[in-house]
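Colleague: Right, I'll just put the structure down here and ask away after.
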Amino acid sequence: MACFLVSAAEAVVVTAVEKSAEKKETTNPKADKSNRAEVKIPLSRKLKWLTYMLWGGAVLLAFEHVWHGEVVPWFPFLTAMSNPADAAEMFHEMATVGICMAVLITVVWFVMCKAADAIVKRPDKDIAQTNIA
């Protein structure tokens, strides 16, 4: 009924953190010039990936709820809010399904970031072969 609101709320928080990290990275460039050869994916870019995943999931779920008539364009917008028994069911769904979906998206993002870091740190085969010869 309103499980998409959990992902949307997390997306709002992550978007704020992403903008803060992006601002911090642009205003405070690393002064250490010795590690110039080391390539690293910035945190703001990784957070942008999570933001896209969360917002995309929230939008798709909101569309699905509109399609099934659970979200309407008039107040109270969520049909479950008009009846207290339905509201309790909605809050239960948000607490179980919504949180599980948001956690799953975050775990997938974390694994994706670890895989991306491993790929970036992997030595280039062409460079390794030229150093051997």
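Following the order of the structure tokens, chains are lettered A, B, ..., residues in each are numbered from 1, and ligands are numbered from 1.
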Got a sec: who's within 12 Å of A:Glu10, counting only C-alpha atoms, leaving out chain neighbours fewer than 6 positions off, as a compact mmCIF listing (two decimals) with C-alpha atoms, in the first residue's frame?

Modeller:
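Full text of selection.txt as output:
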```
# COMPACT_ATOMS: atom_id res chain seq x y z
CA CYS A 3 5.88 0.46 0.96
CA PHE A 4 7.39 2.76 -1.68
CA ALA A 16 21.36 14.87 0.98
CA VAL A 17 24.42 12.85 2.04
CA GLU A 18 25.50 12.53 -1.60
CA LEU A 47 26.08 7.31 -3.39
CA LEU A 50 22.35 4.13 -4.54
CA THR A 51 20.22 7.21 -5.07
CA TYR A 52 19.31 6.10 -8.59
CA MET A 53 18.44 2.61 -7.38
CA LEU A 54 16.27 3.88 -4.52
CA TRP A 55 14.46 6.56 -6.53
CA GLY A 57 12.42 1.53 -7.13
CA ALA A 58 10.23 4.07 -5.36
CA GLY A 98 9.14 -1.54 2.76
CA ILE A 99 12.08 -1.87 5.12
CA MET A 101 13.07 -3.81 0.14
CA ALA A 102 15.12 -0.77 1.17
CA VAL A 103 17.63 -2.97 3.01
CA ILE A 105 18.56 -2.43 -2.34
CA THR A 106 21.24 -1.11 0.02
```

Colleague: Looking only at helix (DSSP H, G or I) from DSSP on the backbone, list the matching residues of stretch 3-86 of chain A as a PyMOL selection string.

Modeller: chain A and resi 4-27+43-67+79-82+84-86

Colleague: Would you put the residues from that selection into a file with C-alpha atoms, as a compact mmCIF listing (two decimals), in the first residue's frame?

Modeller:
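Generated output (again_0.txt):
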```txt
# COMPACT_ATOMS: atom_id res chain seq x y z
CA PHE A 4 7.39 2.76 -1.68
CA LEU A 5 7.49 5.57 0.90
CA VAL A 6 10.26 3.78 2.81
CA SER A 7 12.53 3.66 -0.25
CA ALA A 8 11.63 7.26 -1.07
CA ALA A 9 12.50 8.39 2.46
CA GLU A 10 15.86 6.61 2.31
CA ALA A 11 16.46 8.15 -1.12
CA VAL A 12 15.88 11.64 0.29
CA VAL A 13 18.41 11.04 3.07
CA VAL A 14 20.98 9.49 0.70
CA THR A 15 20.53 12.36 -1.76
CA ALA A 16 21.36 14.87 0.98
CA VAL A 17 24.42 12.85 2.04
CA GLU A 18 25.50 12.53 -1.60
CA LYS A 19 25.31 16.29 -2.16
CA SER A 20 27.29 16.88 1.02
CA ALA A 21 29.98 14.37 -0.01
CA GLU A 22 30.13 15.85 -3.50
CA LYS A 23 30.61 19.34 -2.10
CA LYS A 24 33.28 18.11 0.29
CA GLU A 25 35.17 16.32 -2.51
CA THR A 26 35.17 19.37 -4.77
CA THR A 27 36.17 21.89 -2.08
CA LEU A 43 32.07 8.23 -2.57
CA SER A 44 29.71 10.75 -4.14
CA ARG A 45 29.53 8.66 -7.33
CA LYS A 46 28.80 5.51 -5.33
CA LEU A 47 26.08 7.31 -3.39
CA LYS A 48 24.63 8.51 -6.70
CA TRP A 49 24.29 4.85 -7.74
CA LEU A 50 22.35 4.13 -4.54
CA THR A 51 20.22 7.21 -5.07
CA TYR A 52 19.31 6.10 -8.59
CA MET A 53 18.44 2.61 -7.38
CA LEU A 54 16.27 3.88 -4.52
CA TRP A 55 14.46 6.56 -6.53
CA GLY A 56 13.91 4.15 -9.42
CA GLY A 57 12.42 1.53 -7.13
CA ALA A 58 10.23 4.07 -5.36
CA VAL A 59 8.89 5.48 -8.64
CA LEU A 60 8.14 2.03 -10.06
CA LEU A 61 6.38 0.96 -6.86
CA ALA A 62 4.41 4.21 -6.72
CA PHE A 63 3.29 3.65 -10.31
CA GLU A 64 2.23 0.10 -9.43
CA HIS A 65 0.23 1.37 -6.46
CA VAL A 66 -1.45 4.04 -8.62
CA TRP A 67 -2.24 1.36 -11.20
CA THR A 79 -6.74 4.87 0.17
CA ALA A 80 -5.66 2.98 3.29
CA MET A 81 -5.59 6.21 5.30
CA SER A 82 -9.36 6.62 5.11
CA PRO A 84 -8.11 3.08 10.67
CA ALA A 85 -8.03 -0.71 10.18
CA ASP A 86 -6.53 -0.28 6.72
```

Colleague: So which residues touch A:Lys121 within 10 Å, counting only C-alpha atoms, skipping near sequence neighbours fewer than 6 positions away, as a PDB file with C-alpha atoms, in the first residue's frame?

Modeller:
```
ATOM      1  CA  GLU A  38      45.917   5.142  -7.655  1.00  0.00           C
ATOM      2  CA  VAL A  39      42.471   5.235  -9.252  1.00  0.00           C
ATOM      3  CA  LYS A  40      39.534   5.336  -6.880  1.00  0.00           C
ATOM      4  CA  ALA A 115      32.860  -5.344  -6.972  1.00  0.00           C
TER       5      ALA A 115
END
```

Colleague: How far is it from atom CA of A:Asn28 to atom CA of A:Val120, in Å with one decimal?

Modeller: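 Straight-line distance from atom CA of A:Asn28 to atom CA of A:Val120 works out to 22.7 Å.
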